[in-house]
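**Student:** Sharing entry14.csv here; it has CSV, C-alpha atoms.
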```
chain,number,residue,atom,x,y,z
A,228,MET,CA,-32.1,6.6,-8.8
A,229,TYR,CA,-28.9,6.0,-10.6
A,230,SER,CA,-29.1,3.7,-13.7
A,231,LEU,CA,-26.1,1.7,-14.8
A,232,ALA,CA,-25.6,4.0,-17.8
A,233,LEU,CA,-25.6,7.0,-15.5
A,234,ARG,CA,-23.1,5.4,-13.1
A,235,ARG,CA,-20.7,4.8,-15.9
A,236,PHE,CA,-21.2,8.2,-17.3
A,237,ILE,CA,-20.4,9.9,-14.0
A,238,ALA,CA,-17.5,7.6,-13.3
A,239,SER,CA,-15.9,8.7,-16.6
A,240,SER,CA,-17.0,12.3,-16.8
A,241,SER,CA,-15.1,15.4,-15.9
A,242,GLY,CA,-15.4,16.8,-12.4
A,243,PRO,CA,-13.5,16.7,-9.1
A,244,THR,CA,-10.6,14.3,-9.4
A,245,LEU,CA,-8.4,12.7,-6.8
A,246,THR,CA,-4.8,13.7,-7.4
A,247,ARG,CA,-1.7,12.1,-5.9
A,248,CYS,CA,-0.2,13.5,-2.7
A,249,ARG,CA,2.5,15.9,-3.5
A,250,LEU,CA,5.9,15.0,-2.2
A,251,PRO,CA,8.5,17.7,-1.7
A,252,ASP,CA,11.4,15.5,-2.8
A,253,GLN,CA,9.6,12.6,-4.6
A,254,ALA,CA,12.1,10.5,-6.4
A,255,ARG,CA,12.3,7.3,-8.2
A,256,THR,CA,15.4,5.1,-8.1
A,257,LEU,CA,16.3,1.9,-9.9
A,258,ALA,CA,18.3,-1.1,-8.7
A,259,THR,CA,19.6,-3.7,-11.1
A,260,VAL,CA,20.2,-7.1,-9.7
A,261,SER,CA,22.5,-9.2,-12.0
A,262,ARG,CA,26.0,-10.5,-12.7
A,263,ARG,CA,26.3,-8.8,-16.0
A,264,PRO,CA,28.8,-6.0,-16.8
A,265,ALA,CA,27.8,-2.6,-15.5
A,266,ILE,CA,25.6,-0.4,-17.7
A,267,THR,CA,27.2,2.7,-19.0
A,268,GLY,CA,25.8,6.0,-20.2
A,269,ARG,CA,22.9,8.1,-18.9
A,270,VAL,CA,21.0,5.2,-17.5
A,271,ALA,CA,23.9,4.1,-15.3
A,272,ARG,CA,23.6,7.1,-13.1
A,273,ALA,CA,20.1,6.0,-12.0
A,274,LEU,CA,21.0,2.5,-11.2
A,275,THR,CA,22.4,1.0,-8.0
A,276,PRO,CA,24.1,-2.4,-8.7
A,277,TRP,CA,23.3,-5.4,-6.5
A,278,SER,CA,25.3,-8.6,-7.0
A,279,THR,CA,23.7,-12.0,-6.5
A,280,GLY,CA,24.2,-15.5,-7.7
A,281,SER,CA,21.5,-15.2,-10.3
A,282,ARG,CA,22.3,-14.9,-14.0
A,283,ARG,CA,19.1,-13.0,-14.7
A,284,THR,CA,18.9,-9.3,-14.7
A,285,MET,CA,16.1,-7.5,-13.0
A,286,PHE,CA,15.5,-3.8,-12.6
A,287,ILE,CA,13.5,-2.8,-9.5
A,288,GLN,CA,12.2,0.7,-9.4
A,289,THR,CA,11.8,2.3,-6.0
A,290,GLU,CA,9.4,5.2,-5.5
A,291,GLN,CA,8.9,7.3,-2.5
A,292,THR,CA,5.4,7.6,-1.0
A,293,PRO,CA,3.8,10.3,1.1
A,294,ASN,CA,4.4,8.0,4.1
A,295,GLU,CA,8.1,8.2,5.1
A,296,GLU,CA,7.9,4.7,6.6
A,297,SER,CA,6.6,3.1,3.3
A,298,LEU,CA,8.4,2.6,0.0
A,299,LYS,CA,6.9,1.4,-3.3
A,300,PHE,CA,8.9,-1.3,-5.1
A,301,ILE,CA,8.1,-1.8,-8.8
A,302,PRO,CA,9.7,-5.0,-10.1
A,303,GLY,CA,8.7,-4.4,-13.7
A,304,VAL,CA,6.5,-7.6,-13.8
A,305,GLN,CA,3.0,-8.3,-12.8
A,306,VAL,CA,2.4,-8.7,-9.0
A,307,MET,CA,-1.4,-9.0,-8.3
A,308,GLY,CA,-2.4,-8.2,-11.8
A,309,SER,CA,-5.6,-6.8,-10.6
A,310,GLY,CA,-6.8,-5.9,-7.1
A,311,SER,CA,-4.6,-5.8,-4.0
A,312,ALA,CA,-3.7,-7.6,-0.9
A,313,GLU,CA,-2.3,-6.5,2.5
A,314,PHE,CA,-0.3,-8.3,5.2
A,315,LEU,CA,0.2,-6.8,8.6
A,316,ASP,CA,1.5,-9.8,10.5
A,317,THR,CA,3.2,-13.2,9.9
A,318,ARG,CA,-0.1,-15.0,10.4
A,319,SER,CA,-1.8,-13.2,7.5
A,320,ALA,CA,1.3,-13.5,5.4
A,321,LEU,CA,1.3,-17.4,5.6
A,322,THR,CA,-0.8,-17.5,2.4
A,323,SER,CA,2.0,-15.8,0.4
A,324,PRO,CA,5.6,-17.1,0.2
A,325,LEU,CA,6.9,-13.6,-0.7
A,326,ALA,CA,5.0,-11.8,2.0
A,327,ILE,CA,6.2,-14.2,4.7
A,328,ARG,CA,9.8,-13.7,3.6
A,329,LEU,CA,9.5,-9.9,3.6
A,330,MET,CA,7.7,-9.9,7.0
A,331,GLY,CA,10.7,-12.0,8.3
A,332,ILE,CA,13.1,-9.1,7.6
A,333,ASP,CA,13.9,-7.2,10.8
A,334,GLY,CA,12.2,-3.8,10.8
A,335,VAL,CA,9.5,-4.7,8.2
A,336,LYS,CA,6.0,-4.3,9.7
A,337,GLY,CA,3.7,-4.5,6.7
A,338,VAL,CA,3.6,-5.7,3.1
A,339,PHE,CA,1.1,-4.5,0.4
A,340,TYR,CA,0.6,-6.0,-3.1
A,341,GLY,CA,-0.7,-3.8,-5.9
A,342,PRO,CA,-1.3,-4.7,-9.6
A,343,ASP,CA,2.4,-4.1,-10.5
A,344,PHE,CA,4.1,-3.1,-7.3
A,345,VAL,CA,4.9,-4.1,-3.7
A,346,THR,CA,4.8,-1.5,-0.9
A,347,VAL,CA,6.9,-2.3,2.1
A,348,SER,CA,6.3,-0.5,5.4
A,349,LYS,CA,8.9,-0.4,8.2
A,350,ASP,CA,9.2,0.7,11.8
A,351,SER,CA,10.5,4.1,12.7
A,352,GLU,CA,13.8,2.7,14.2
A,353,THR,CA,15.2,1.0,11.1
A,354,PRO,CA,16.6,3.2,8.3
A,355,TRP,CA,15.8,2.3,4.7
A,356,PRO,CA,19.5,1.9,3.7
A,357,VAL,CA,19.6,-1.0,6.1
A,358,LEU,CA,16.5,-2.6,4.7
A,359,LYS,CA,16.7,-2.0,1.0
A,360,PRO,CA,19.4,-4.5,0.1
A,361,GLU,CA,17.6,-7.4,1.7
A,362,ILE,CA,14.2,-6.3,0.2
A,363,TYR,CA,15.8,-6.0,-3.2
A,364,ALA,CA,17.3,-9.4,-3.0
A,365,THR,CA,14.1,-11.0,-1.7
A,366,LEU,CA,12.0,-9.5,-4.5
A,367,MET,CA,14.5,-10.4,-7.2
A,368,GLU,CA,14.8,-14.0,-6.1
A,369,HIS,CA,11.0,-14.4,-5.9
A,370,PHE,CA,10.1,-12.9,-9.3
A,371,SER,CA,13.1,-14.3,-11.2
A,372,ALA,CA,12.3,-17.8,-10.0
A,373,GLY,CA,8.7,-17.6,-11.2
A,374,VAL,CA,7.3,-18.7,-7.9
A,375,PRO,CA,3.5,-18.1,-7.5
A,376,LEU,CA,2.6,-15.1,-5.4
A,377,PHE,CA,0.2,-17.2,-3.3
A,378,ARG,CA,0.2,-20.9,-2.3
A,379,SER,CA,-3.0,-21.5,-4.2
A,380,GLN,CA,-5.3,-19.8,-6.7
A,381,GLU,CA,-8.1,-19.8,-4.1
A,382,GLU,CA,-5.9,-17.9,-1.7
A,383,HIS,CA,-5.1,-15.4,-4.4
A,384,ASP,CA,-8.7,-14.8,-5.3
A,385,ALA,CA,-9.7,-14.5,-1.6
A,386,ALA,CA,-6.9,-11.9,-1.0
A,387,GLY,CA,-8.1,-9.5,-3.6
A,388,PRO,CA,-10.6,-6.7,-2.7
A,389,GLN,CA,-14.3,-7.7,-2.9
A,390,ASP,CA,-15.5,-4.4,-1.4
A,391,THR,CA,-16.4,-2.6,-4.6
A,392,ARG,CA,-18.1,-5.5,-6.3
A,393,ILE,CA,-21.7,-4.3,-6.9
A,394,LEU,CA,-24.2,-6.7,-5.4
A,395,ASP,CA,-27.9,-7.2,-6.3
A,396,THR,CA,-28.8,-6.1,-2.8
A,397,ASP,CA,-27.0,-2.8,-3.1
A,398,SER,CA,-29.0,0.4,-3.4
A,399,GLU,CA,-28.4,2.7,-6.3
A,400,THR,CA,-26.5,5.1,-4.0
A,401,VAL,CA,-24.2,2.4,-2.7
A,402,ALA,CA,-23.6,1.1,-6.3
A,403,MET,CA,-22.6,4.6,-7.4
A,404,ILE,CA,-20.3,5.0,-4.4
A,405,LYS,CA,-18.6,1.7,-5.3
A,406,GLU,CA,-18.3,2.7,-8.9
A,407,LEU,CA,-16.6,6.0,-8.1
A,408,LEU,CA,-14.3,4.4,-5.5
A,409,ASP,CA,-13.2,1.7,-8.0
A,410,SER,CA,-12.9,3.8,-11.1
A,411,ARG,CA,-11.8,7.3,-9.8
A,412,VAL,CA,-10.3,6.9,-6.3
A,413,ARG,CA,-8.5,3.6,-6.2
A,414,PRO,CA,-6.2,4.2,-9.3
A,415,ALA,CA,-5.0,7.5,-7.8
A,416,ILE,CA,-4.3,6.0,-4.4
A,417,MET,CA,-2.5,3.0,-5.9
A,418,GLU,CA,-0.1,5.5,-7.5
A,419,ASP,CA,1.0,6.3,-4.0
A,420,GLY,CA,1.5,2.7,-3.1
A,421,GLY,CA,-1.8,2.3,-1.2
A,422,ASP,CA,-5.4,1.3,-1.6
A,423,ILE,CA,-8.9,2.1,-0.3
A,424,GLU,CA,-11.5,-0.4,0.9
A,425,TYR,CA,-15.3,0.4,1.0
A,426,ARG,CA,-16.7,-0.5,4.4
A,427,GLY,CA,-20.3,0.8,4.4
A,428,PHE,CA,-22.8,3.6,3.9
A,429,SER,CA,-24.9,4.7,6.9
A,430,GLU,CA,-28.5,6.1,6.9
A,431,ASP,CA,-27.2,9.6,7.7
A,432,GLY,CA,-25.0,9.6,4.6
A,433,VAL,CA,-21.6,8.7,6.0
A,434,VAL,CA,-19.3,6.6,3.8
A,435,SER,CA,-16.9,4.4,5.8
A,436,VAL,CA,-13.6,3.4,4.2
A,437,LYS,CA,-10.3,1.9,5.2
A,438,LEU,CA,-7.0,3.1,3.9
A,439,LYS,CA,-4.4,0.5,3.2
A,440,GLY,CA,-0.7,0.2,2.2
A,441,SER,CA,1.4,3.4,2.3
A,442,CYS,CA,-1.8,5.4,3.1
A,443,ARG,CA,-2.2,3.6,6.4
A,444,GLY,CA,-1.0,6.0,9.1
A,445,CYS,CA,0.2,8.6,6.6
A,446,ASP,CA,0.2,12.2,7.7
A,447,SER,CA,-1.5,13.2,4.3
A,448,SER,CA,-4.3,10.6,4.7
A,449,THR,CA,-6.6,13.0,6.4
A,450,VAL,CA,-6.2,15.6,3.6
A,451,THR,CA,-6.7,12.9,1.0
A,452,LEU,CA,-9.8,11.7,2.8
A,453,LYS,CA,-11.5,15.0,3.3
A,454,SER,CA,-10.3,17.2,0.5
A,455,GLY,CA,-10.1,14.5,-2.1
A,456,ILE,CA,-12.4,11.5,-1.6
A,457,GLU,CA,-15.2,13.3,0.4
A,458,ARG,CA,-15.3,16.2,-1.9
A,459,MET,CA,-15.6,14.0,-5.0
A,460,LEU,CA,-18.3,11.7,-3.6
A,461,MET,CA,-20.4,14.7,-2.3
A,462,HIS,CA,-20.1,16.4,-5.7
A,463,TYR,CA,-21.5,13.4,-7.6
A,464,ILE,CA,-23.8,11.9,-5.0
A,465,PRO,CA,-26.0,14.3,-2.9
A,466,GLU,CA,-26.9,11.6,-0.5
A,467,VAL,CA,-23.2,11.5,0.8
A,468,THR,CA,-22.7,13.8,3.7
A,469,ALA,CA,-19.2,12.7,4.9
A,470,VAL,CA,-16.4,10.2,4.5
A,471,GLU,CA,-14.8,8.6,7.5
A,472,GLN,CA,-11.9,6.2,8.0
A,473,ILE,CA,-12.3,3.2,10.2
A,474,ILE,CA,-9.7,1.1,11.9
A,475,ASP,CA,-10.3,-2.6,12.7
A,476,GLN,CA,-10.1,-3.8,16.3
A,477,GLU,CA,-7.1,-6.1,15.4
A,478,GLU,CA,-5.3,-3.2,13.8
A,479,THR,CA,-5.9,-1.0,16.9
A,480,ILE,CA,-4.5,-3.7,19.1
A,481,ALA,CA,-1.4,-4.1,16.8
A,482,LEU,CA,-0.8,-0.3,16.8
A,483,ASP,CA,-1.1,-0.2,20.6
A,484,GLU,CA,1.4,-3.0,21.0
A,485,PHE,CA,3.8,-1.4,18.5
A,486,THR,CA,3.5,2.0,20.4
A,487,LYS,CA,4.4,0.2,23.7
A,488,PHE,CA,7.4,-1.4,22.0
A,489,GLU,CA,8.6,1.9,20.7
A,490,GLN,CA,8.2,3.5,24.2
A,491,GLN,CA,10.1,0.6,25.8
A,492,LEU,CA,12.9,1.0,23.2
A,493,ALA,CA,13.1,4.7,23.8
A,494,LYS,CA,13.4,4.2,27.6
A,495,LYS,CA,16.1,1.6,27.1
A,496,GLN,CA,18.1,4.0,24.9
A,497,GLN,CA,17.7,6.8,27.5
A,498,ARG,CA,19.0,4.5,30.2
A,499,GLN,CA,21.9,3.6,28.1
A,500,GLN,CA,22.7,7.2,27.3
A,501,SER,CA,22.5,8.0,31.1
A,502,GLN,CA,25.0,5.2,31.9
A,503,ASP,CA,27.4,6.3,29.2
A,504,SER,CA,27.4,9.9,30.5
A,505,LEU,CA,28.4,8.7,34.0
```
Would you put the structure from the file into structure tokens?
**Tutor:**
Amino acid sequence: MYSLALRRFIASSSGPTLTRCRLPDQARTLATVSRRPAITGRVARALTPWSTGSRRTMFIQTEQTPNEESLKFIPGVQVMGSGSAEFLDTRSALTSPLAIRLMGIDGVKGVFYGPDFVTVSKDSETPWPVLKPEIYATLMEHFSAGVPLFRSQEEHDAAGPQDTRILDTDSETVAMIKELLDSRVRPAIMEDGGDIEYRGFSEDGVVSVKLKGSCRGCDSSTVTLKSGIERMLMHYIPEVTAVEQIIDQEETIALDEFTKFEQQLAKKQQRQQSQDSL
């Protein structure tokens, strides 16, 4: 049995740690949105100026993630504060004015809020240079205006993760799993613009989780899941035999529809190329 003191000791002790996915050309860029004179000196080379009608200056840092179709935008102000929220369609985004605006940009297929960042995921057909200007402008307008992230505090509280909250009904093993996911795994994954959600622990020792944000659909997610998360949990908790990722039925349907759309688009382009060659 794992006492509360032991859970806290293990969560803070040395041992296997989850490191960030390594990016071959990971880079961070800054965009400044203002009407002030251009900045000179060493800092200026890292900035891309964006002109708007606002008098306020805002520096938005952009960081690559292991997923080529996701970018992490860091506005330099609090986003969720604590926890996270994810929006994969316009219906779920209705609770957040910023999310509904971002989802309205052609090519954007997902929005994820972290404590101090926003991860935007796009389709494979739209290049980032086309999307970035509108995303920058949307983020700047929202955060400089001081508009609430959600329409109500109740919707904000409901959007945050409740998965790792330890319940009175949880076994000591489940409580230890939640403690490790929250204290050791989640911070590392959020560095890459994603999050992890605990979904269950089976009688045969399998921990079910769901990857979110930039980690959703990322090529490195399998390595992160097996070499990182599974290895850590099995090291600290002998009852754990494996860690598996699950996909919701709604998400499966959405992915299937998106795949069909991409196939139709590819066929249309092939027909157009064939006609042009005649």
**Student:** For segment 303-315 of chain A, work out the shell of residues within 7 Å, counting only C-alpha atoms and skipping chain neighbours fewer than 5 positions away, then give it as an MDAnalysis selection string.
**Tutor:** chainID A and resid 286:287 320 336:344 386:388 440
**Student:** Which one of A:Pro375, A:Gly334, A:Pro302, A:Pro414 sits closest to Tyr363 of chain A if you count all atoms listed in the file?
**Tutor:**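 Smallest distance to Tyr363 of chain A is found for A:Pro302.
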**Student:** Separation of atom CA of Leu460 of chain A and atom CA of Met403 of chain A, in Å?
**Tutor:** 9.1 Å
**Student:** Between atom CA of Phe377 of chain A and atom CA of Arg328 of chain A, measure the distance and give it in Å to one decimal.
**Tutor:**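 Taking atom CA of Phe377 of chain A and atom CA of Arg328 of chain A, their separation equals 12.3 Å.
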**Student:** For Ile327 of chain A, list every protein, DNA or RNA residue within 9 Å, evaluated using only C-alpha atoms, and leave out those in the same chain fewer than 6 positions away; present the list as a list of chain:residue names.
**Tutor:**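 After dropping sequence-adjacent residues, the list is A:Phe314, A:Asp316, A:Thr317, A:Arg318, A:Ser319, A:Ala320, A:Leu321.
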**Student:** Write a file of the selected residues as an mmCIF file, in the frame of the given file, keeping C-alpha atoms.
**Tutor:**
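Resulting contents of out-v6.cif:
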```cif
data_model
loop_
_atom_site.group_PDB
_atom_site.id
_atom_site.type_symbol
_atom_site.label_atom_id
_atom_site.label_comp_id
_atom_site.auth_asym_id
_atom_site.auth_seq_id
_atom_site.Cartn_x
_atom_site.Cartn_y
_atom_site.Cartn_z
ATOM 1 C CA PHE A 314 -0.300 -8.300 5.200
ATOM 2 C CA ASP A 316 1.500 -9.800 10.500
ATOM 3 C CA THR A 317 3.200 -13.200 9.900
ATOM 4 C CA ARG A 318 -0.100 -15.000 10.400
ATOM 5 C CA SER A 319 -1.800 -13.200 7.500
ATOM 6 C CA ALA A 320 1.300 -13.500 5.400
ATOM 7 C CA LEU A 321 1.300 -17.400 5.600
#
```
**Student:** Work out how far apart atom CA of Trp355 of chain A and atom CA of Val335 of chain A are and give it in Å to one decimal.
**Tutor:**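 Distance reported for this atom pair: 10.0 Å.
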**Student:** Nearest residue to Met417 of chain A out of A:Ser504, A:Gln472, A:Thr346, A:Thr353, using all atoms listed in the file?
**Tutor:**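 Ranked by minimum distance to Met417 of chain A, first place goes to A:Thr346.
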**Student:** Do you know which residues are at most 12 Å from Glu430 of chain A counting all atoms listed in the file, after dropping those on the same chain fewer than 4 positions away, and could you put them as JSON, numbers by chain?
**Tutor:** {"A": [398, 400, 401, 434, 435, 466, 467, 468, 469]}
**Student:** Between A:Lys359, A:Asp419, A:Thr396, A:Asp384, which residue has the minimum interatomic distance to Gln291 of chain A, considering only C-alpha atoms?
**Tutor:**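 Ranking A:Lys359, A:Asp419, A:Thr396, A:Asp384 by distance to Gln291 of chain A, first place goes to A:Asp419.
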**Student:** Report as a ChimeraX atom specification all protein, DNA and RNA residues lying within 6 Å of segment 295-300 of chain A, evaluated on only C-alpha atoms, omitting residues in the same chain fewer than 5 positions from it.
**Tutor:** /A:288-290,344-349,420,441
